[in-house]
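Raw contents of upload08.tsv, TSV, C-alpha atoms (C1' of nucleotides):
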```tsv
chain	number	residue	atom	x	y	z
A	1	MET	CA	118.70	70.43	125.85
A	2	ASN	CA	122.09	71.20	127.30
A	3	ILE	CA	124.44	73.74	125.78
A	4	GLY	CA	126.44	71.09	123.94
A	5	ASP	CA	123.41	69.87	122.03
A	6	VAL	CA	122.40	73.40	121.15
A	7	ALA	CA	125.93	74.17	120.01
A	8	ARG	CA	125.90	71.16	117.70
A	9	ARG	CA	122.44	71.89	116.33
A	10	SER	CA	122.92	75.65	115.90
A	11	GLY	CA	126.50	75.52	114.72
A	12	LEU	CA	127.47	78.14	117.28
A	13	PRO	CA	130.27	77.45	119.79
A	14	ALA	CA	129.08	76.92	123.37
A	15	LYS	CA	131.23	79.89	124.37
A	16	THR	CA	129.34	82.11	121.99
A	17	ILE	CA	126.00	80.90	123.28
A	18	ARG	CA	127.03	81.73	126.85
A	19	TYR	CA	128.19	85.10	125.63
A	20	TYR	CA	124.83	85.72	123.97
A	21	GLU	CA	123.14	85.00	127.28
A	22	ASP	CA	125.58	87.35	129.01
A	23	ILE	CA	124.61	90.23	126.78
A	24	GLY	CA	120.93	89.42	127.01
A	25	LEU	CA	120.24	88.07	123.55
A	26	ILE	CA	118.81	84.83	124.93
A	27	ARG	CA	117.47	83.78	128.32
A	28	PRO	CA	117.63	80.01	128.61
A	29	GLN	CA	116.11	78.39	131.69
A	30	ARG	CA	118.20	76.52	134.21
A	31	SER	CA	118.00	72.95	135.39
A	32	GLU	CA	118.26	72.09	139.07
A	33	ASN	CA	121.94	71.29	138.68
A	34	GLY	CA	122.61	74.79	137.35
A	35	TYR	CA	122.99	73.73	133.72
A	36	ARG	CA	121.38	75.89	131.07
A	37	SER	CA	118.26	74.24	129.73
A	38	PHE	CA	117.34	75.22	126.18
A	39	ARG	CA	113.92	74.89	124.57
A	40	GLU	CA	113.28	74.57	120.86
A	41	GLN	CA	112.49	78.27	120.68
A	42	ASP	CA	115.90	79.10	122.14
A	43	LEU	CA	117.53	76.95	119.49
A	44	HIS	CA	115.46	78.67	116.81
A	45	LYS	CA	116.52	82.07	118.06
A	46	LEU	CA	120.17	81.04	118.13
A	47	ALA	CA	119.92	79.78	114.57
A	48	PHE	CA	118.37	83.12	113.62
A	49	LEU	CA	121.23	84.92	115.32
A	50	GLY	CA	123.78	82.69	113.63
A	51	ARG	CA	122.40	83.51	110.22
A	52	ALA	CA	122.15	87.22	110.92
A	53	ARG	CA	125.75	87.23	112.14
A	54	ALA	CA	126.81	85.26	109.06
A	55	LEU	CA	125.36	88.07	106.98
A	56	GLY	CA	127.56	90.44	108.92
A	57	PHE	CA	124.93	92.19	111.01
A	58	THR	CA	126.33	93.60	114.24
A	59	ILE	CA	125.16	92.22	117.55
A	60	GLU	CA	123.12	95.38	118.08
A	61	ASP	CA	121.48	94.92	114.69
A	62	CYS	CA	120.78	91.33	115.66
A	63	ARG	CA	119.15	92.48	118.86
A	64	THR	CA	116.87	94.77	116.89
A	65	LEU	CA	116.16	92.16	114.23
A	66	VAL	CA	115.17	89.60	116.84
A	67	ALA	CA	112.93	92.15	118.51
A	68	LEU	CA	111.28	92.94	115.18
A	69	TYR	CA	110.94	89.26	114.40
A	70	GLU	CA	109.07	88.79	117.64
A	71	ASP	CA	106.99	91.92	117.20
A	72	GLU	CA	103.80	91.13	115.32
A	73	GLY	CA	103.16	94.85	114.86
A	74	ARG	CA	106.48	95.54	113.11
A	75	GLU	CA	106.66	97.34	109.81
A	76	SER	CA	108.82	95.70	107.17
A	77	ALA	CA	110.28	99.13	106.45
A	78	GLN	CA	112.11	98.94	109.78
A	79	VAL	CA	113.75	95.68	108.82
A	80	LYS	CA	114.55	96.89	105.35
A	81	HIS	CA	116.11	100.05	106.69
A	82	ILE	CA	118.54	98.07	108.83
A	83	ALA	CA	119.38	95.71	105.99
A	84	MET	CA	119.94	98.54	103.51
A	85	GLU	CA	122.16	100.44	105.86
A	86	HIS	CA	124.17	97.30	106.49
A	87	LEU	CA	124.37	96.62	102.77
A	88	ARG	CA	125.70	100.09	102.23
A	89	GLN	CA	128.43	99.56	104.79
A	90	ILE	CA	129.38	96.25	103.22
A	91	GLU	CA	129.66	97.96	99.86
A	92	ASP	CA	131.88	100.64	101.35
A	93	LYS	CA	134.07	97.98	102.86
A	94	ILE	CA	134.28	96.08	99.58
A	95	ALA	CA	135.31	99.23	97.74
A	96	GLN	CA	137.98	99.93	100.33
A	97	LEU	CA	139.34	96.40	100.11
A	98	GLN	CA	139.29	96.46	96.33
A	99	SER	CA	141.35	99.61	96.38
A	100	MET	CA	143.88	97.92	98.65
A	101	ARG	CA	143.88	94.87	96.44
A	102	SER	CA	144.51	96.96	93.38
A	103	THR	CA	147.53	98.66	94.89
A	104	LEU	CA	148.89	95.49	96.44
A	105	ASN	CA	148.43	93.61	93.23
A	106	THR	CA	150.44	96.18	91.32
A	107	LEU	CA	153.17	96.17	93.91
A	108	VAL	CA	153.36	92.40	94.19
A	109	HIS	CA	153.71	92.10	90.43
A	110	ALA	CA	156.39	94.76	90.36
A	111	CYS	CA	158.51	92.96	92.96
A	112	ALA	CA	160.96	90.39	91.71
A	113	GLY	CA	160.76	88.39	94.92
A	114	ASP	CA	164.30	87.12	94.69
A	115	ASN	CA	167.36	87.30	96.91
A	116	ARG	CA	168.20	90.88	96.05
A	117	PRO	CA	167.23	93.71	98.39
A	118	ASP	CA	165.66	95.98	95.75
A	119	CYS	CA	161.94	96.06	96.37
A	120	PRO	CA	159.28	98.25	94.76
A	121	ILE	CA	156.90	97.41	97.60
A	122	LEU	CA	159.15	98.98	100.21
A	123	GLU	CA	159.95	101.82	97.86
A	124	ASP	CA	156.28	102.59	97.51
A	125	LEU	CA	155.69	102.50	101.25
A	126	ALA	CA	158.66	104.80	101.72
A	127	GLN	CA	157.44	107.46	99.26
A	128	THR	CA	157.61	110.76	101.06
A	129	SER	CA	154.66	112.46	99.41
A	130	PRO	CA	151.32	110.83	98.67
A	131	GLU	CA	151.06	112.48	95.26
A	132	ALA	CA	154.41	110.98	94.31
A	133	ARG	CA	152.98	107.48	94.47
A	134	SER	CA	152.66	105.71	91.18
A	135	ALA	CA	149.26	105.56	89.56
A	136	GLU	CA	147.49	102.33	90.35
A	137	LYS	CA	145.85	100.14	87.80
A	138	GLN	CA	142.73	98.12	88.48
A	139	SER	CA	143.66	94.57	89.38
B	1	MET	CA	159.43	118.41	116.31
B	2	ASN	CA	156.73	117.85	118.88
B	3	ILE	CA	154.05	115.24	118.49
B	4	GLY	CA	151.51	117.71	117.14
B	5	ASP	CA	153.73	118.66	114.22
B	6	VAL	CA	154.42	115.03	113.45
B	7	ALA	CA	150.72	114.24	113.65
B	8	ARG	CA	149.95	116.97	111.13
B	9	ARG	CA	152.76	116.01	108.79
B	10	SER	CA	152.20	112.26	108.95
B	11	GLY	CA	148.44	112.36	109.02
B	12	LEU	CA	148.40	110.05	112.04
B	13	PRO	CA	146.60	111.05	115.25
B	14	ALA	CA	148.91	111.92	118.14
B	15	LYS	CA	147.25	109.15	120.13
B	16	THR	CA	148.26	106.64	117.50
B	17	ILE	CA	151.84	107.89	117.47
B	18	ARG	CA	152.07	107.48	121.24
B	19	TYR	CA	150.61	104.03	120.84
B	20	TYR	CA	153.23	103.15	118.24
B	21	GLU	CA	155.90	104.17	120.69
B	22	ASP	CA	154.23	102.07	123.38
B	23	ILE	CA	154.43	98.96	121.25
B	24	GLY	CA	157.97	99.72	120.17
B	25	LEU	CA	157.43	100.68	116.54
B	26	ILE	CA	159.20	103.99	117.03
B	27	ARG	CA	161.60	105.36	119.63
B	28	PRO	CA	161.49	109.13	119.58
B	29	GLN	CA	163.91	111.03	121.78
B	30	ARG	CA	162.76	113.19	124.66
B	31	SER	CA	163.27	116.88	125.34
B	32	GLU	CA	164.22	118.11	128.79
B	33	ASN	CA	160.60	118.91	129.51
B	34	GLY	CA	159.58	115.32	128.86
B	35	TYR	CA	158.02	116.03	125.47
B	36	ARG	CA	158.71	113.56	122.67
B	37	SER	CA	161.19	115.00	120.21
B	38	PHE	CA	160.89	113.64	116.69
B	39	ARG	CA	163.57	113.72	114.03
B	40	GLU	CA	162.93	113.62	110.30
B	41	GLN	CA	163.67	109.91	110.26
B	42	ASP	CA	160.94	109.32	112.85
B	43	LEU	CA	158.52	111.22	110.68
B	44	HIS	CA	159.58	109.19	107.68
B	45	LYS	CA	159.03	105.97	109.55
B	46	LEU	CA	155.60	107.09	110.73
B	47	ALA	CA	154.62	107.96	107.18
B	48	PHE	CA	155.82	104.52	106.12
B	49	LEU	CA	153.70	102.97	108.85
B	50	GLY	CA	150.71	105.06	107.91
B	51	ARG	CA	150.88	103.87	104.33
B	52	ALA	CA	151.40	100.25	105.29
B	53	ARG	CA	148.41	100.45	107.63
B	54	ALA	CA	146.35	102.11	104.90
B	55	LEU	CA	147.07	99.07	102.75
B	56	GLY	CA	145.67	96.97	105.54
B	57	PHE	CA	148.86	95.38	106.82
B	58	THR	CA	148.64	94.35	110.45
B	59	ILE	CA	150.84	96.01	113.02
B	60	GLU	CA	152.99	92.89	113.18
B	61	ASP	CA	153.39	92.95	109.39
B	62	CYS	CA	154.33	96.61	109.70
B	63	ARG	CA	156.94	95.76	112.28
B	64	THR	CA	158.45	93.23	109.91
B	65	LEU	CA	158.21	95.53	106.92
B	66	VAL	CA	159.98	98.33	108.77
B	67	ALA	CA	162.69	95.90	109.85
B	68	LEU	CA	163.13	94.73	106.27
B	69	TYR	CA	163.15	98.30	105.04
B	70	GLU	CA	166.00	99.08	107.41
B	71	ASP	CA	167.84	95.86	106.63
B	72	GLU	CA	170.21	96.40	103.73
B	73	GLY	CA	170.70	92.64	103.48
B	74	ARG	CA	167.02	91.83	102.99
B	75	GLU	CA	165.77	89.72	100.14
B	76	SER	CA	162.82	91.14	98.24
B	77	ALA	CA	161.26	87.68	98.40
B	78	GLN	CA	160.65	88.24	102.09
B	79	VAL	CA	158.73	91.41	101.42
B	80	LYS	CA	156.84	89.90	98.53
B	81	HIS	CA	155.85	86.93	100.65
B	82	ILE	CA	154.24	89.16	103.26
B	83	ALA	CA	152.47	91.23	100.64
B	84	MET	CA	151.17	88.20	98.77
B	85	GLU	CA	149.85	86.59	101.92
B	86	HIS	CA	148.14	89.82	102.84
B	87	LEU	CA	146.72	90.12	99.35
B	88	ARG	CA	145.32	86.62	99.63
B	89	GLN	CA	143.58	87.50	102.88
B	90	ILE	CA	142.13	90.63	101.37
B	91	GLU	CA	140.79	88.61	98.47
B	92	ASP	CA	139.22	86.13	100.87
B	93	LYS	CA	137.60	88.97	102.73
B	94	ILE	CA	136.31	90.53	99.53
B	95	ALA	CA	134.79	87.22	98.45
B	96	GLN	CA	133.13	86.84	101.82
B	97	LEU	CA	131.70	90.35	101.71
B	98	GLN	CA	130.52	89.90	98.14
B	99	SER	CA	128.65	86.81	99.18
B	100	MET	CA	126.98	88.75	101.96
B	101	ARG	CA	126.20	91.56	99.59
B	102	SER	CA	124.62	89.19	97.14
B	103	THR	CA	122.32	87.68	99.73
B	104	LEU	CA	121.47	91.00	101.30
B	105	ASN	CA	120.79	92.55	97.96
B	106	THR	CA	118.32	89.82	97.08
B	107	LEU	CA	116.61	90.12	100.42
B	108	VAL	CA	116.42	93.90	100.37
B	109	HIS	CA	114.85	93.82	96.93
B	110	ALA	CA	112.37	91.20	98.03
B	111	CYS	CA	111.19	93.28	100.98
B	112	ALA	CA	108.39	95.75	100.38
B	113	GLY	CA	109.63	98.07	103.10
B	114	ASP	CA	106.18	99.35	103.93
B	115	ASN	CA	104.04	99.44	107.06
B	116	ARG	CA	103.03	95.79	106.90
B	117	PRO	CA	104.79	93.20	109.04
B	118	ASP	CA	105.46	90.66	106.28
B	119	CYS	CA	109.17	90.60	105.64
B	120	PRO	CA	111.19	88.22	103.47
B	121	ILE	CA	114.34	89.31	105.26
B	122	LEU	CA	113.12	88.06	108.62
B	123	GLU	CA	111.65	84.99	106.96
B	124	ASP	CA	115.01	84.15	105.49
B	125	LEU	CA	116.81	84.62	108.80
B	126	ALA	CA	114.22	82.40	110.46
B	127	GLN	CA	114.67	79.52	108.01
B	128	THR	CA	115.16	76.41	110.08
B	129	SER	CA	117.43	74.50	107.72
B	130	PRO	CA	120.30	76.01	105.74
B	131	GLU	CA	119.43	74.02	102.60
B	132	ALA	CA	115.92	75.44	102.70
B	133	ARG	CA	117.23	78.93	102.01
B	134	SER	CA	116.33	80.36	98.65
B	135	ALA	CA	118.97	80.32	95.93
B	136	GLU	CA	120.80	83.62	95.78
B	137	LYS	CA	121.39	85.55	92.61
B	138	GLN	CA	124.54	87.58	91.98
B	139	SER	CA	123.92	91.22	92.80
C	1	DA	C1'	153.17	138.95	137.39
C	2	DC	C1'	149.23	136.69	135.93
C	3	DT	C1'	146.11	134.48	133.02
C	4	DT	C1'	144.61	132.18	129.09
C	5	DG	C1'	144.73	128.66	125.84
C	6	DA	C1'	147.13	125.46	123.23
C	7	DC	C1'	150.09	122.06	123.80
C	8	DC	C1'	152.08	118.05	126.05
C	9	DC	C1'	152.36	114.11	129.57
C	10	DT	C1'	150.71	109.44	131.80
C	11	DC	C1'	147.44	106.14	133.02
C	12	DC	C1'	143.09	103.76	132.77
C	13	DA	C1'	139.10	102.08	130.53
C	14	DG	C1'	136.36	100.91	126.57
C	15	DT	C1'	135.51	99.26	121.77
C	16	DG	C1'	133.29	94.29	119.12
C	17	DA	C1'	132.53	89.85	119.34
C	18	DC	C1'	134.25	86.63	120.82
C	19	DT	C1'	138.09	83.03	122.51
C	20	DG	C1'	141.22	80.59	125.73
C	21	DG	C1'	142.14	78.94	130.00
C	22	DA	C1'	141.90	77.99	135.00
C	23	DA	C1'	139.47	76.01	138.73
C	24	DG	C1'	135.89	73.44	140.07
C	25	DC	C1'	131.09	70.87	140.09
C	26	DC	C1'	128.00	67.07	137.87
C	27	DC	C1'	126.93	62.72	135.96
C	28	DC	C1'	127.52	58.18	134.24
C	29	DA	C1'	130.13	54.02	133.28
C	30	DT	C1'	133.50	50.90	134.71
D	1	DA	C1'	136.44	55.14	143.50
D	2	DT	C1'	138.09	56.48	139.32
D	3	DG	C1'	137.98	58.36	134.93
D	4	DG	C1'	136.24	61.10	131.37
D	5	DG	C1'	133.27	64.20	129.36
D	6	DG	C1'	130.30	67.90	130.04
D	7	DC	C1'	128.87	71.76	132.55
D	8	DT	C1'	129.68	76.10	135.57
D	9	DT	C1'	131.88	80.86	136.55
D	10	DC	C1'	135.32	84.25	136.14
D	11	DC	C1'	139.32	86.48	134.28
D	12	DA	C1'	142.30	87.76	130.69
D	13	DG	C1'	143.51	88.38	125.95
D	14	DT	C1'	142.59	89.57	121.08
D	15	DC	C1'	143.36	94.04	117.47
D	16	DA	C1'	144.46	98.70	116.85
D	17	DC	C1'	143.33	102.12	118.50
D	18	DT	C1'	140.25	105.94	121.01
D	19	DG	C1'	138.35	108.77	124.80
D	20	DG	C1'	138.87	110.92	128.93
D	21	DA	C1'	140.66	112.31	133.49
D	22	DG	C1'	144.03	114.79	135.79
D	23	DG	C1'	147.90	117.38	135.52
D	24	DG	C1'	152.48	119.72	133.74
D	25	DT	C1'	154.59	123.23	130.07
D	26	DC	C1'	154.99	127.05	127.13
D	27	DA	C1'	154.27	131.36	124.67
D	28	DA	C1'	151.44	135.33	124.04
D	29	DG	C1'	148.73	138.92	125.73
D	30	DT	C1'	147.23	142.14	129.51
```
Could you take the file, read its structure, and then write that structure out as C-alpha cells?
Amino acid sequence: MNIGDVARRSGLPAKTIRYYEDIGLIRPQRSENGYRSFREQDLHKLAFLGRARALGFTIEDCRTLVALYEDEGRESAQVKHIAMEHLRQIEDKIAQLQSMRSTLNTLVHACAGDNRPDCPILEDLAQTSPEARSAEKQS
Amino acid sequence: MNIGDVARRSGLPAKTIRYYEDIGLIRPQRSENGYRSFREQDLHKLAFLGRARALGFTIEDCRTLVALYEDEGRESAQVKHIAMEHLRQIEDKIAQLQSMRSTLNTLVHACAGDNRPDCPILEDLAQTSPEARSAEKQS
DNA sequence: ACTTGACCCTCCAGTGACTGGAAGCCCCAT
DNA sequence: ATGGGGCTTCCAGTCACTGGAGGGTCAAGT
C-alpha cells in the first residue's frame, strides 16, 4: 500500500502519516522506488492513533498507548491511569470554557449590537479592577 | 513605570508584555537607558488585553477589540459580532470536549485498572471499523 | 570604589501537532 | 513525448507565548 491508500483507509492526511513516521510512531517499509510501503499492521496502528488522537490524547500519550497495546505483559492500570489523567484535563478545560461562555453570553446579551458606540462588552474589558466586574450568571 | 511594575499591576508576565510590543499591540515609550517606560494608558491597555485573552479571544481579535475600544465612531454591532463568533467557537469546542469526555468516561469505567493486561480502553482504540465501536452513554 | 543582586535589554530557539508549499522524481496512459 | 497524478524531501509557518543565553543598568550596602 502506498501512502495515498493508507490515507484514504485511515482517514489521516498523508502529511500527518509522514509526520508520524518522522517522530517515530510508525516505521513503514520502503519500496525500491523510495515510496513508503505500508502493511496491514501499519494501517491498523494508524487507525489506532487516529482514534486516540480523536479522543484528545497527546502524541506522547499515543506513543505510550501504542507501546502498551503491543505489550502483552501490560497492566490495565497503566492504561487506565493515562486515560483518567487525560479525562481530568478535559474536564478542567471544559470548566474553563464554560466559565468563558458564561461571561461571554452575559456580555453578548447585554450589548445592543446596533450602530451606536456604547458597548457593555468593551466596558467590561476596560474595567480597571477585577473585583469591579459585574457578577456573571450561568449561561 | 518599568516593565516589572506593569507586569505586577497587569498580571501579565514581562515576557508577554515584550511580546505584545513586538507584534504591535502596545507602543511603550523608552527611557534614556533603553528601558521601556509605561504610562497609565499603557497599563490600562494591557489590562484590557489580559481580560480579553482570559476570555479566550485570539490576539487578532484583541487587536480589533482594542481598535474598536479606541474608536469613538465604532458601532457596537462590530464588537458584538466578534464576541458572538467567539462564543460560537467556544460552544463548538465545549461540545467536542464533552463528546470526548463521554467516551473516555465510559471507557475508564469499563477498565478494571488492575495488574491484568485485558483493557477495554485499548480494545476500543483498536476497533477496526468506526461503526463497530460500542454506543457511548452520556457521562 | 567596589560588589552584589535585582532589574532590564535583545536575540534565538522551542513548544504541539500538524499544514502548506516548493522543487523534483516515478509511473502510467495517451 | 507529454500530461497528470502520486510520491519524495526539506523548509517555513501556525498560535501565543516561554526559556535561556549573554550582557547592560541601577541602587544599596560595605
Could you pull the residues within 8 Å of segment 22-25 of chain D, counting all atoms listed in the file, minus those fewer than 4 positions along the same chain, as a list in words? Asn33 of chain B; DC7, DC8 and DC9 of chain C
Could the residues in this selection be written to a file with C-alpha atoms (C1' of nucleotides), as a CSV table (one decimal), in the frame of the given file?
```csv
chain,number,residue,atom,x,y,z
B,33,ASN,CA,160.6,118.9,129.5
C,7,DC,C1',150.1,122.1,123.8
C,8,DC,C1',152.1,118.0,126.0
C,9,DC,C1',152.4,114.1,129.6
```
If I take atom CA of Leu49 of chain A and atom CA of Ile17 of chain A, how far is one from the other in Å, to one decimal?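 Atom CA of Ile17 of chain A lies 10.1 Å from atom CA of Leu49 of chain A.
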Which distance in Å separates atom CA of Gly11 of chain B and atom C1' of DA6 of chain C, to one decimal? 19.4 Å
7 Å contacts from chain A to chain B using all atoms listed in the file, as an mmCIF file with C-alpha atoms, in the coordinates of the input:
```cif
data_model
loop_
_atom_site.group_PDB
_atom_site.id
_atom_site.type_symbol
_atom_site.label_atom_id
_atom_site.label_comp_id
_atom_site.auth_asym_id
_atom_site.auth_seq_id
_atom_site.Cartn_x
_atom_site.Cartn_y
_atom_site.Cartn_z
ATOM 1 C CA PHE A 48 118.370 83.120 113.620
ATOM 2 C CA ARG A 51 122.400 83.510 110.220
ATOM 3 C CA ALA A 52 122.150 87.220 110.920
ATOM 4 C CA LEU A 55 125.360 88.070 106.980
ATOM 5 C CA TYR A 69 110.940 89.260 114.400
ATOM 6 C CA GLU A 72 103.800 91.130 115.320
ATOM 7 C CA GLY A 73 103.160 94.850 114.860
ATOM 8 C CA ARG A 74 106.480 95.540 113.110
ATOM 9 C CA GLU A 75 106.660 97.340 109.810
ATOM 10 C CA SER A 76 108.820 95.700 107.170
ATOM 11 C CA ALA A 77 110.280 99.130 106.450
ATOM 12 C CA LYS A 80 114.550 96.890 105.350
ATOM 13 C CA ALA A 83 119.380 95.710 105.990
ATOM 14 C CA MET A 84 119.940 98.540 103.510
ATOM 15 C CA LEU A 87 124.370 96.620 102.770
ATOM 16 C CA ILE A 90 129.380 96.250 103.220
ATOM 17 C CA ILE A 94 134.280 96.080 99.580
ATOM 18 C CA LEU A 97 139.340 96.400 100.110
ATOM 19 C CA MET A 100 143.880 97.920 98.650
ATOM 20 C CA ARG A 101 143.880 94.870 96.440
ATOM 21 C CA LEU A 104 148.890 95.490 96.440
ATOM 22 C CA VAL A 108 153.360 92.400 94.190
ATOM 23 C CA CYS A 111 158.510 92.960 92.960
ATOM 24 C CA ALA A 112 160.960 90.390 91.710
ATOM 25 C CA GLY A 113 160.760 88.390 94.920
ATOM 26 C CA ASP A 114 164.300 87.120 94.690
ATOM 27 C CA ASN A 115 167.360 87.300 96.910
ATOM 28 C CA ARG A 116 168.200 90.880 96.050
ATOM 29 C CA PRO A 117 167.230 93.710 98.390
ATOM 30 C CA ASP A 118 165.660 95.980 95.750
ATOM 31 C CA CYS A 119 161.940 96.060 96.370
ATOM 32 C CA LEU A 122 159.150 98.980 100.210
ATOM 33 C CA LEU A 125 155.690 102.500 101.250
ATOM 34 C CA ALA A 126 158.660 104.800 101.720
#
```
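Coordinates place atom CA of Gly34 of chain A at a distance of 9.7 Å from atom C1' of DC25 of chain C.
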